[in-house]
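Pasting data_8.json here (JSON, C-alpha atoms):
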```
[["chain", "number", "residue", "atom", "x", "y", "z"],
["A", 1330, "MET", "CA", -1.03, 13.33, -14.84],
["A", 1331, "ASP", "CA", 2.59, 12.43, -15.56],
["A", 1332, "GLN", "CA", 3.88, 8.84, -15.56],
["A", 1333, "ASN", "CA", 7.62, 8.52, -15.14],
["A", 1334, "THR", "CA", 10.48, 6.33, -13.97],
["A", 1335, "LEU", "CA", 13.24, 6.91, -11.43],
["A", 1336, "PRO", "CA", 16.25, 4.69, -10.64],
["A", 1337, "VAL", "CA", 16.39, 3.97, -6.91],
["A", 1338, "ASP", "CA", 19.05, 1.69, -5.42],
["A", 1339, "GLY", "CA", 19.61, 0.00, -8.77],
["A", 1340, "LEU", "CA", 15.91, -0.57, -9.45],
["A", 1341, "LEU", "CA", 13.81, 1.32, -11.99],
["A", 1342, "ILE", "CA", 10.72, 2.56, -10.17],
["A", 1343, "HIS", "CA", 7.60, 3.63, -12.04],
["A", 1344, "TYR", "CA", 5.51, 6.40, -10.54],
["A", 1345, "THR", "CA", 2.73, 8.86, -11.25],
["A", 1346, "VAL", "CA", 2.57, 12.48, -10.15],
["A", 1347, "THR", "CA", -0.44, 14.76, -10.48],
["A", 1348, "GLY", "CA", -1.74, 18.00, -9.01],
["A", 1349, "GLN", "CA", -0.26, 21.05, -7.32],
["A", 1350, "GLY", "CA", 0.28, 21.94, -3.70],
["A", 1351, "PRO", "CA", 1.86, 20.23, -0.68],
["A", 1352, "ASP", "CA", 3.45, 16.88, -1.50],
["A", 1353, "VAL", "CA", 1.55, 13.71, -0.61],
["A", 1354, "LEU", "CA", 3.21, 10.33, -1.22],
["A", 1355, "PHE", "CA", 1.00, 7.23, -1.54],
["A", 1356, "VAL", "CA", 2.35, 3.71, -0.87],
["A", 1357, "HIS", "CA", 0.28, 0.71, -1.98],
["A", 1358, "GLY", "CA", -0.07, -2.68, -0.33],
["A", 1359, "TRP", "CA", 0.88, -6.28, -1.09],
["A", 1360, "ALA", "CA", 0.36, -7.46, -4.69],
["A", 1361, "ALA", "CA", -1.11, -4.08, -5.68],
["A", 1362, "SER", "CA", 0.20, -1.09, -7.61],
["A", 1363, "ARG", "CA", 0.07, 2.69, -7.78],
["A", 1364, "ARG", "CA", -3.20, 2.32, -9.71],
["A", 1365, "MET", "CA", -5.10, 1.65, -6.46],
["A", 1366, "TRP", "CA", -4.78, 5.37, -5.66],
["A", 1367, "SER", "CA", -6.00, 6.74, -9.01],
["A", 1368, "GLN", "CA", -9.49, 7.74, -7.88],
["A", 1369, "VAL", "CA", -8.22, 9.24, -4.63],
["A", 1370, "THR", "CA", -5.42, 11.26, -6.23],
["A", 1371, "ALA", "CA", -7.74, 12.59, -8.93],
["A", 1372, "GLU", "CA", -9.94, 14.07, -6.18],
["A", 1373, "LEU", "CA", -7.01, 15.45, -4.19],
["A", 1374, "ALA", "CA", -5.03, 16.86, -7.14],
["A", 1375, "PRO", "CA", -6.60, 20.35, -6.96],
["A", 1376, "HIS", "CA", -5.16, 20.72, -3.45],
["A", 1377, "PHE", "CA", -2.03, 18.55, -3.32],
["A", 1378, "ARG", "CA", 0.78, 17.29, -5.52],
["A", 1379, "CYS", "CA", 0.14, 13.55, -5.35],
["A", 1380, "TRP", "CA", 2.91, 11.00, -5.87],
["A", 1381, "SER", "CA", 2.22, 7.26, -6.16],
["A", 1382, "LEU", "CA", 4.85, 4.66, -6.93],
["A", 1383, "ASP", "CA", 4.97, 0.98, -7.84],
["A", 1384, "LEU", "CA", 7.00, -0.80, -5.18],
["A", 1385, "PRO", "CA", 9.68, -3.21, -6.47],
["A", 1386, "GLY", "CA", 8.15, -6.34, -7.95],
["A", 1387, "CYS", "CA", 4.75, -4.69, -8.35],
["A", 1388, "GLY", "CA", 3.08, -2.87, -11.22],
["A", 1389, "ASP", "CA", 5.66, -1.78, -13.77],
["A", 1390, "SER", "CA", 8.68, -1.44, -11.48],
["A", 1391, "ASP", "CA", 11.75, -3.68, -11.63],
["A", 1392, "ARG", "CA", 11.76, -7.08, -9.92],
["A", 1393, "PRO", "CA", 14.56, -7.56, -7.39],
["A", 1394, "GLU", "CA", 15.95, -10.89, -6.22],
["A", 1395, "ASP", "CA", 13.73, -12.81, -3.80],
["A", 1396, "LEU", "CA", 16.13, -12.30, -0.90],
["A", 1397, "TRP", "CA", 15.88, -8.52, -1.32],
["A", 1398, "TYR", "CA", 12.38, -8.35, 0.12],
["A", 1399, "SER", "CA", 12.17, -7.04, 3.67],
["A", 1400, "ILE", "CA", 10.33, -4.20, 5.35],
["A", 1401, "PRO", "CA", 13.62, -2.34, 6.04],
["A", 1402, "ASN", "CA", 14.58, -2.59, 2.36],
["A", 1403, "LEU", "CA", 11.15, -1.43, 1.21],
["A", 1404, "THR", "CA", 11.30, 1.43, 3.70],
["A", 1405, "ALA", "CA", 14.74, 2.45, 2.43],
["A", 1406, "LEU", "CA", 13.40, 2.30, -1.13],
["A", 1407, "VAL", "CA", 10.62, 4.79, -0.32],
["A", 1408, "ARG", "CA", 13.15, 7.03, 1.42],
["A", 1409, "GLY", "CA", 15.41, 6.79, -1.63],
["A", 1410, "PHE", "CA", 12.51, 7.68, -3.91],
["A", 1411, "MET", "CA", 11.89, 10.80, -1.85],
["A", 1412, "ALA", "CA", 15.56, 11.76, -2.04],
["A", 1413, "GLY", "CA", 15.64, 11.18, -5.79],
["A", 1414, "GLN", "CA", 12.67, 13.51, -6.25],
["A", 1415, "GLY", "CA", 14.06, 16.16, -3.93],
["A", 1416, "LEU", "CA", 11.18, 15.68, -1.49],
["A", 1417, "ARG", "CA", 12.52, 16.88, 1.84],
["A", 1418, "GLN", "CA", 9.25, 16.33, 3.72],
["A", 1419, "VAL", "CA", 5.93, 14.78, 2.71],
["A", 1420, "ARG", "CA", 2.51, 13.88, 3.89],
["A", 1421, "LEU", "CA", 2.62, 10.07, 3.71],
["A", 1422, "VAL", "CA", -0.32, 7.73, 3.07],
["A", 1423, "GLY", "CA", 0.08, 3.94, 3.11],
["A", 1424, "HIS", "CA", -2.29, 1.00, 2.76],
["A", 1425, "SER", "CA", -1.81, -2.47, 4.30],
["A", 1426, "MET", "CA", 1.85, -3.40, 3.65],
["A", 1427, "GLY", "CA", 2.28, 0.19, 2.49],
["A", 1428, "GLY", "CA", 0.89, 1.24, 5.86],
["A", 1429, "MET", "CA", 3.54, -0.85, 7.58],
["A", 1430, "ILE", "CA", 6.26, 0.72, 5.41],
["A", 1431, "SER", "CA", 4.89, 4.21, 6.08],
["A", 1432, "LEU", "CA", 4.73, 3.69, 9.83],
["A", 1433, "ASN", "CA", 8.28, 2.33, 9.79],
["A", 1434, "LEU", "CA", 9.57, 5.30, 7.78],
["A", 1435, "ALA", "CA", 7.86, 7.78, 10.09],
["A", 1436, "ALA", "CA", 9.36, 6.08, 13.14],
["A", 1437, "ARG", "CA", 12.91, 5.86, 11.78],
["A", 1438, "HIS", "CA", 13.01, 9.19, 9.95],
["A", 1439, "PRO", "CA", 10.56, 11.54, 11.66],
["A", 1440, "GLU", "CA", 12.16, 14.55, 9.98],
["A", 1441, "LEU", "CA", 10.82, 13.37, 6.60],
["A", 1442, "ILE", "CA", 7.14, 13.07, 7.51],
["A", 1443, "GLU", "CA", 4.85, 16.04, 8.07],
["A", 1444, "ARG", "CA", 1.63, 14.04, 8.46],
["A", 1445, "LEU", "CA", 0.92, 10.31, 8.34],
["A", 1446, "VAL", "CA", -2.11, 8.24, 7.33],
["A", 1447, "ALA", "CA", -2.17, 4.44, 7.65],
["A", 1448, "ILE", "CA", -5.14, 2.62, 6.09],
["A", 1449, "ASN", "CA", -5.75, -0.95, 7.32],
["A", 1450, "PRO", "CA", -2.05, -1.22, 8.20],
["A", 1451, "VAL", "CA", -0.22, -4.39, 9.15],
["A", 1452, "VAL", "CA", 1.60, -3.69, 12.42],
["A", 1453, "THR", "CA", 2.67, -6.95, 14.08],
["A", 1454, "GLY", "CA", 2.75, -9.10, 10.94],
["A", 1455, "ASN", "CA", -0.69, -10.50, 11.75],
["A", 1456, "SER", "CA", -2.55, -10.92, 8.45],
["A", 1457, "HIS", "CA", -3.93, -13.57, 6.13],
["A", 1458, "LEU", "CA", -0.39, -13.80, 4.69],
["A", 1459, "ARG", "CA", 0.83, -15.75, 7.73],
["A", 1460, "ARG", "CA", 0.19, -18.95, 5.83],
["A", 1461, "LEU", "CA", 2.97, -17.97, 3.42],
["A", 1462, "ALA", "CA", 5.46, -18.54, 6.23],
["A", 1463, "GLN", "CA", 4.37, -22.16, 6.70],
["A", 1464, "PRO", "CA", 6.28, -25.13, 5.24],
["A", 1465, "GLY", "CA", 5.23, -25.96, 1.69],
["A", 1466, "ALA", "CA", 3.76, -22.50, 1.11],
["A", 1467, "ARG", "CA", 5.57, -22.00, -2.21],
["A", 1468, "ARG", "CA", 4.19, -25.22, -3.69],
["A", 1469, "ARG", "CA", 0.65, -24.47, -2.50],
["A", 1470, "LEU", "CA", 0.81, -20.92, -3.84],
["A", 1471, "LEU", "CA", 1.95, -22.10, -7.26],
["A", 1472, "GLN", "CA", -0.78, -24.73, -7.39],
["A", 1473, "TRP", "CA", -3.39, -22.14, -6.43],
["A", 1474, "LEU", "CA", -2.18, -19.64, -9.04],
["A", 1475, "LEU", "CA", -2.19, -22.26, -11.77],
["A", 1476, "GLY", "CA", -5.71, -23.28, -10.85],
["A", 1477, "VAL", "CA", -7.28, -19.90, -10.29],
["A", 1478, "SER", "CA", -5.74, -17.67, -12.95],
["A", 1479, "PRO", "CA", -7.66, -18.97, -16.01],
["A", 1480, "ARG", "CA", -10.92, -19.11, -14.09],
["A", 1481, "VAL", "CA", -10.55, -15.57, -12.70],
["A", 1482, "LEU", "CA", -8.89, -13.79, -15.58],
["A", 1483, "ALA", "CA", -11.28, -14.90, -18.32],
["A", 1484, "PRO", "CA", -14.39, -13.12, -17.02],
["A", 1485, "LEU", "CA", -12.69, -10.25, -15.22],
["A", 1486, "LEU", "CA", -10.33, -9.16, -17.99],
["A", 1487, "SER", "CA", -12.90, -9.35, -20.76],
["A", 1488, "THR", "CA", -14.39, -6.19, -22.25],
["A", 1489, "GLY", "CA", -18.00, -7.34, -22.01],
["A", 1490, "GLU", "CA", -21.01, -5.71, -20.44],
["A", 1491, "SER", "CA", -20.10, -7.04, -16.99],
["A", 1492, "LEU", "CA", -17.21, -4.59, -16.70],
["A", 1493, "ARG", "CA", -19.67, -1.70, -16.74],
["A", 1494, "VAL", "CA", -21.35, -2.93, -13.56],
["A", 1495, "ASN", "CA", -20.52, -0.70, -10.59],
["A", 1496, "GLY", "CA", -17.37, -1.87, -8.82],
["A", 1497, "VAL", "CA", -16.29, -4.54, -11.29],
["A", 1498, "HIS", "CA", -13.51, -2.33, -12.65],
["A", 1499, "HIS", "CA", -11.93, -2.43, -9.20],
["A", 1500, "ILE", "CA", -11.89, -6.22, -9.29],
["A", 1501, "ARG", "CA", -10.39, -6.14, -12.75],
["A", 1502, "ARG", "CA", -7.62, -3.79, -11.61],
["A", 1503, "ARG", "CA", -6.84, -5.89, -8.54],
["A", 1504, "THR", "CA", -6.71, -9.05, -10.63],
["A", 1505, "GLU", "CA", -4.41, -7.47, -13.20],
["A", 1506, "ASP", "CA", -2.11, -6.14, -10.49],
["A", 1507, "PHE", "CA", -2.03, -9.45, -8.63],
["A", 1508, "PHE", "CA", -1.01, -11.47, -11.66],
["A", 1509, "LYS", "CA", 1.66, -8.95, -12.63],
["A", 1510, "VAL", "CA", 3.62, -10.02, -9.55],
["A", 1511, "SER", "CA", 5.63, -13.22, -9.92],
["A", 1512, "PRO", "CA", 4.82, -16.11, -7.55],
["A", 1513, "SER", "CA", 8.27, -15.84, -5.96],
["A", 1514, "ALA", "CA", 7.80, -12.11, -5.35],
["A", 1515, "LEU", "CA", 4.36, -12.72, -3.86],
["A", 1516, "LEU", "CA", 5.85, -15.27, -1.50],
["A", 1517, "SER", "CA", 8.93, -13.22, -0.59],
["A", 1518, "SER", "CA", 7.09, -9.96, 0.04],
["A", 1519, "GLY", "CA", 4.37, -11.79, 2.00],
["A", 1520, "ARG", "CA", 6.98, -13.41, 4.22],
["A", 1521, "ALA", "CA", 8.64, -10.03, 4.73],
["A", 1522, "ILE", "CA", 5.37, -8.68, 6.12],
["A", 1523, "VAL", "CA", 4.68, -11.48, 8.57],
["A", 1524, "ALA", "CA", 8.31, -11.50, 9.77],
["A", 1525, "TYR", "CA", 8.24, -7.87, 10.88],
["A", 1526, "ASP", "CA", 6.80, -6.39, 14.08],
["A", 1527, "LEU", "CA", 6.48, -2.62, 14.22],
["A", 1528, "THR", "CA", 5.25, -2.46, 17.80],
["A", 1529, "PRO", "CA", 8.55, -1.26, 19.35],
["A", 1530, "GLN", "CA", 8.81, 1.51, 16.74],
["A", 1531, "LEU", "CA", 5.34, 3.02, 17.13],
["A", 1532, "PRO", "CA", 6.06, 5.30, 20.12],
["A", 1533, "ARG", "CA", 8.84, 6.95, 18.09],
["A", 1534, "ILE", "CA", 6.39, 8.36, 15.55],
["A", 1535, "ALA", "CA", 6.13, 12.11, 16.04],
["A", 1536, "ALA", "CA", 4.05, 13.18, 13.03],
["A", 1537, "PRO", "CA", 0.33, 13.81, 13.46],
["A", 1538, "THR", "CA", -1.19, 10.45, 12.54],
["A", 1539, "LEU", "CA", -4.55, 9.23, 11.29],
["A", 1540, "VAL", "CA", -5.27, 5.49, 11.29],
["A", 1541, "ILE", "CA", -8.20, 4.36, 9.14],
["A", 1542, "VAL", "CA", -9.58, 0.84, 9.49],
["A", 1543, "GLY", "CA", -12.40, -1.04, 7.83],
["A", 1544, "ASP", "CA", -14.62, -2.98, 10.21],
["A", 1545, "ARG", "CA", -15.14, -5.66, 7.53],
["A", 1546, "ASP", "CA", -11.48, -6.25, 6.71],
["A", 1547, "LEU", "CA", -10.92, -9.99, 6.28],
["A", 1548, "ASN", "CA", -7.21, -9.66, 5.41],
["A", 1549, "VAL", "CA", -5.78, -7.62, 8.28],
["A", 1550, "PRO", "CA", -7.45, -7.74, 11.72],
["A", 1551, "ILE", "CA", -8.87, -4.41, 12.84],
["A", 1552, "SER", "CA", -6.83, -4.89, 16.02],
["A", 1553, "GLU", "CA", -3.68, -4.05, 14.04],
["A", 1554, "GLY", "CA", -4.85, -0.52, 13.29],
["A", 1555, "ARG", "CA", -6.25, -0.06, 16.76],
["A", 1556, "LEU", "CA", -2.86, -1.01, 18.21],
["A", 1557, "ALA", "CA", -1.13, 1.61, 16.07],
["A", 1558, "ALA", "CA", -3.61, 4.29, 17.12],
["A", 1559, "ARG", "CA", -3.07, 3.45, 20.80],
["A", 1560, "GLN", "CA", 0.71, 3.37, 20.65],
["A", 1561, "ILE", "CA", 1.26, 6.55, 18.59],
["A", 1562, "GLU", "CA", 0.90, 9.61, 20.77],
["A", 1563, "GLY", "CA", -2.03, 11.78, 19.71],
["A", 1564, "ALA", "CA", -3.06, 9.49, 16.84],
["A", 1565, "ARG", "CA", -6.64, 9.59, 15.59],
["A", 1566, "LEU", "CA", -8.59, 6.43, 14.74],
["A", 1567, "HIS", "CA", -11.35, 6.39, 12.14],
["A", 1568, "VAL", "CA", -13.40, 3.21, 11.79],
["A", 1569, "MET", "CA", -15.41, 2.91, 8.59],
["A", 1570, "ARG", "CA", -17.82, 0.40, 7.14],
["A", 1571, "ALA", "CA", -15.45, -1.15, 4.62],
["A", 1572, "GLY", "CA", -13.28, -4.12, 3.82],
["A", 1573, "HIS", "CA", -9.54, -4.28, 3.26],
["A", 1574, "MET", "CA", -9.63, -2.16, 0.08],
["A", 1575, "ALA", "CA", -11.37, 0.78, 1.71],
["A", 1576, "THR", "CA", -10.24, 3.03, -1.14],
["A", 1577, "ASP", "CA", -12.43, 0.95, -3.48],
["A", 1578, "ASP", "CA", -15.29, 0.32, -1.07],
["A", 1579, "ARG", "CA", -15.83, 3.92, 0.04],
["A", 1580, "PRO", "CA", -13.60, 6.27, -1.95],
["A", 1581, "THR", "CA", -15.64, 9.38, -1.08],
["A", 1582, "GLU", "CA", -15.23, 8.77, 2.64],
["A", 1583, "ILE", "CA", -11.50, 8.14, 2.21],
["A", 1584, "VAL", "CA", -11.09, 11.38, 0.25],
["A", 1585, "THR", "CA", -13.06, 13.32, 2.86],
["A", 1586, "GLN", "CA", -10.86, 11.96, 5.65],
["A", 1587, "LEU", "CA", -7.66, 12.71, 3.73],
["A", 1588, "GLN", "CA", -8.71, 16.21, 2.71],
["A", 1589, "GLY", "CA", -9.54, 17.13, 6.28],
["A", 1590, "PHE", "CA", -6.44, 15.61, 7.83],
["A", 1591, "LEU", "CA", -3.75, 16.43, 5.27],
["A", 1592, "ALA", "CA", -4.67, 20.10, 4.82]]
```
Translate the structure of the given file into structure tokens.
Amino acid sequence: MDQNTLPVDGLLIHYTVTGQGPDVLFVHGWAASRRMWSQVTAELAPHFRCWSLDLPGCGDSDRPEDLWYSIPNLTALVRGFMAGQGLRQVRLVGHSMGGMISLNLAARHPELIERLVAINPVVTGNSHLRRLAQPGARRRLLQWLLGVSPRVLAPLLSTGESLRVNGVHHIRRRTEDFFKVSPSALLSSGRAIVAYDLTPQLPRIAAPTLVIVGDRDLNVPISEGRLAARQIEGARLHVMRAGHMATDDRPTEIVTQLQGFLA
């Protein structure tokens, strides 16, 4: 597994590439990082060359100005990453905000996408992040972060016995990724999501598409994914018993779905 950097539109983007075969590009969601795909890409590496990047402001990538954040800019960034790597066409997999970006890229540049998978995607902007668009959201977010970070980080980032309990390492990773993002970037990227509505773009998607939704997702309503599956011609919908982070909840099922669809 190689970890590298690539300058894209003036921002240094960190990414990981592993495996051999057809190119699959993975795009993470809000306040996450490329690390969310590690287990999935390890399983797919014998069959595909798997690329996963840290979006701007997340993981180890550069932090742009707050006003930079928008779904069109994030979409252009992913397109620029592909161009910088010489990837003329990919199989694209996105989660949550990354699902929104992936759907948008497939609609606006169908020639770049061979197959498309959207996992618990945001489509109309309807998600738990809507509260970030309300007045006073910045102050409330800062107060929450100041209050919750010591309480959450102390037990979750320790190296004690608790981290060996099944599933706790996922919580640790999510917590680390969340607190790597600055409060202003959390707010700006969250507002970018809720301000965008993909609905008019969905019928333009030509690539074979698989939409995966978790029936226990508390962050993005299952209706968002169902809408995408209805509006994209020929799209398949797979409903699984999982929450928002389906890749953590049921990684084997996710890998099985991806292997069958991306081949």
Compile the contact shell of stretch 1403-1407 of chain A as a tab-separated table (two decimals) with C-alpha atoms, in the frame of the given file: residues with an atom at most 9 Å away, counting all atoms listed in the file, same-chain residues fewer than 2 positions apart removed.
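Heads up, here's the output in result_7.tsv:
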```tsv
chain	number	residue	atom	x	y	z
A	1337	VAL	CA	16.39	3.97	-6.91
A	1338	ASP	CA	19.05	1.69	-5.42
A	1356	VAL	CA	2.35	3.71	-0.87
A	1382	LEU	CA	4.85	4.66	-6.93
A	1384	LEU	CA	7.00	-0.80	-5.18
A	1385	PRO	CA	9.68	-3.21	-6.47
A	1397	TRP	CA	15.88	-8.52	-1.32
A	1398	TYR	CA	12.38	-8.35	0.12
A	1399	SER	CA	12.17	-7.04	3.67
A	1400	ILE	CA	10.33	-4.20	5.35
A	1401	PRO	CA	13.62	-2.34	6.04
A	1409	GLY	CA	15.41	6.79	-1.63
A	1410	PHE	CA	12.51	7.68	-3.91
A	1411	MET	CA	11.89	10.80	-1.85
A	1412	ALA	CA	15.56	11.76	-2.04
A	1429	MET	CA	3.54	-0.85	7.58
A	1430	ILE	CA	6.26	0.72	5.41
A	1431	SER	CA	4.89	4.21	6.08
A	1433	ASN	CA	8.28	2.33	9.79
A	1434	LEU	CA	9.57	5.30	7.78
```
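For the choices A:Leu1547, A:Leu1516, A:Ile1541, A:Leu1441, the atom-to-atom distance to A:Ala1360 is smallest for A:Leu1516 when using all atoms listed in the file.
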Separating atom CA of A:Ala1557 from atom CA of A:Arg1545, to the nearest tenth of an Å, is a gap of 17.9 Å
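Restricting the calculation to all atoms listed in the file, the smallest distance between A:Met1574 and any of A:Asp1391, A:Glu1440, A:Asp1544, A:Asp1383 is found for A:Asp1544.
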Contact residues around A:Glu1443 with only C-alpha atoms at 8 Å, ignoring same-chain residues under 2 positions, as a compact mmCIF listing (two decimals) with C-alpha atoms, in the coordinates of the input:
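Final output, saved to part22.txt:
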```txt
# COMPACT_ATOMS: atom_id res chain seq x y z
CA GLN A 1418 9.25 16.33 3.72
CA VAL A 1419 5.93 14.78 2.71
CA ARG A 1420 2.51 13.88 3.89
CA LEU A 1421 2.62 10.07 3.71
CA GLU A 1440 12.16 14.55 9.98
CA LEU A 1441 10.82 13.37 6.60
CA LEU A 1445 0.92 10.31 8.34
CA ALA A 1536 4.05 13.18 13.03
CA PRO A 1537 0.33 13.81 13.46
```
As a PDB file, in the coordinates of the input, the rebuilt stretch 1571-1590 of chain A with N, CA and C atoms:
```pdb
ATOM      1  N   ALA A1571     -16.172  -0.789   5.839  1.00  0.00           N
ATOM      2  CA  ALA A1571     -15.450  -1.150   4.620  1.00  0.00           C
ATOM      3  C   ALA A1571     -14.629  -2.394   4.865  1.00  0.00           C
ATOM      4  N   GLY A1572     -14.178  -2.981   3.755  1.00  0.00           N
ATOM      5  CA  GLY A1572     -13.280  -4.120   3.820  1.00  0.00           C
ATOM      6  C   GLY A1572     -11.841  -3.666   3.744  1.00  0.00           C
ATOM      7  N   HIS A1573     -10.966  -4.590   3.295  1.00  0.00           N
ATOM      8  CA  HIS A1573      -9.540  -4.280   3.260  1.00  0.00           C
ATOM      9  C   HIS A1573      -9.238  -3.158   2.272  1.00  0.00           C
ATOM     10  N   MET A1574      -9.865  -3.196   1.093  1.00  0.00           N
ATOM     11  CA  MET A1574      -9.630  -2.160   0.080  1.00  0.00           C
ATOM     12  C   MET A1574     -10.633  -1.026   0.285  1.00  0.00           C
ATOM     13  N   ALA A1575     -10.450  -0.301   1.375  1.00  0.00           N
ATOM     14  CA  ALA A1575     -11.370   0.780   1.710  1.00  0.00           C
ATOM     15  C   ALA A1575     -11.396   1.855   0.643  1.00  0.00           C
ATOM     16  N   THR A1576     -10.288   2.030  -0.075  1.00  0.00           N
ATOM     17  CA  THR A1576     -10.240   3.030  -1.140  1.00  0.00           C
ATOM     18  C   THR A1576     -11.174   2.676  -2.286  1.00  0.00           C
ATOM     19  N   ASP A1577     -11.465   1.397  -2.466  1.00  0.00           N
ATOM     20  CA  ASP A1577     -12.430   0.950  -3.480  1.00  0.00           C
ATOM     21  C   ASP A1577     -13.841   0.927  -2.913  1.00  0.00           C
ATOM     22  N   ASP A1578     -13.972   0.481  -1.663  1.00  0.00           N
ATOM     23  CA  ASP A1578     -15.290   0.320  -1.070  1.00  0.00           C
ATOM     24  C   ASP A1578     -15.985   1.666  -0.836  1.00  0.00           C
ATOM     25  N   ARG A1579     -15.237   2.618  -0.296  1.00  0.00           N
ATOM     26  CA  ARG A1579     -15.830   3.920   0.040  1.00  0.00           C
ATOM     27  C   ARG A1579     -14.833   5.048  -0.273  1.00  0.00           C
ATOM     28  N   PRO A1580     -14.595   5.262  -1.565  1.00  0.00           N
ATOM     29  CA  PRO A1580     -13.600   6.270  -1.950  1.00  0.00           C
ATOM     30  C   PRO A1580     -13.957   7.679  -1.487  1.00  0.00           C
ATOM     31  N   THR A1581     -15.242   8.032  -1.494  1.00  0.00           N
ATOM     32  CA  THR A1581     -15.640   9.380  -1.080  1.00  0.00           C
ATOM     33  C   THR A1581     -15.303   9.623   0.374  1.00  0.00           C
ATOM     34  N   GLU A1582     -15.546   8.628   1.211  1.00  0.00           N
ATOM     35  CA  GLU A1582     -15.230   8.770   2.640  1.00  0.00           C
ATOM     36  C   GLU A1582     -13.728   8.862   2.852  1.00  0.00           C
ATOM     37  N   ILE A1583     -12.956   8.077   2.110  1.00  0.00           N
ATOM     38  CA  ILE A1583     -11.500   8.140   2.210  1.00  0.00           C
ATOM     39  C   ILE A1583     -11.008   9.533   1.820  1.00  0.00           C
ATOM     40  N   VAL A1584     -11.504  10.055   0.708  1.00  0.00           N
ATOM     41  CA  VAL A1584     -11.090  11.380   0.250  1.00  0.00           C
ATOM     42  C   VAL A1584     -11.454  12.447   1.280  1.00  0.00           C
ATOM     43  N   THR A1585     -12.641  12.350   1.844  1.00  0.00           N
ATOM     44  CA  THR A1585     -13.060  13.320   2.860  1.00  0.00           C
ATOM     45  C   THR A1585     -12.125  13.294   4.057  1.00  0.00           C
ATOM     46  N   GLN A1586     -11.778  12.086   4.513  1.00  0.00           N
ATOM     47  CA  GLN A1586     -10.860  11.960   5.650  1.00  0.00           C
ATOM     48  C   GLN A1586      -9.487  12.537   5.314  1.00  0.00           C
ATOM     49  N   LEU A1587      -8.987  12.233   4.119  1.00  0.00           N
ATOM     50  CA  LEU A1587      -7.660  12.710   3.730  1.00  0.00           C
ATOM     51  C   LEU A1587      -7.645  14.227   3.561  1.00  0.00           C
ATOM     52  N   GLN A1588      -8.661  14.760   2.909  1.00  0.00           N
ATOM     53  CA  GLN A1588      -8.710  16.210   2.710  1.00  0.00           C
ATOM     54  C   GLN A1588      -8.687  16.964   4.037  1.00  0.00           C
ATOM     55  N   GLY A1589      -9.474  16.464   4.998  1.00  0.00           N
ATOM     56  CA  GLY A1589      -9.540  17.130   6.280  1.00  0.00           C
ATOM     57  C   GLY A1589      -8.261  17.007   7.085  1.00  0.00           C
ATOM     58  N   PHE A1590      -7.617  15.864   6.994  1.00  0.00           N
ATOM     59  CA  PHE A1590      -6.440  15.610   7.830  1.00  0.00           C
ATOM     60  C   PHE A1590      -5.143  16.152   7.227  1.00  0.00           C
TER      61      PHE A1590
END
```
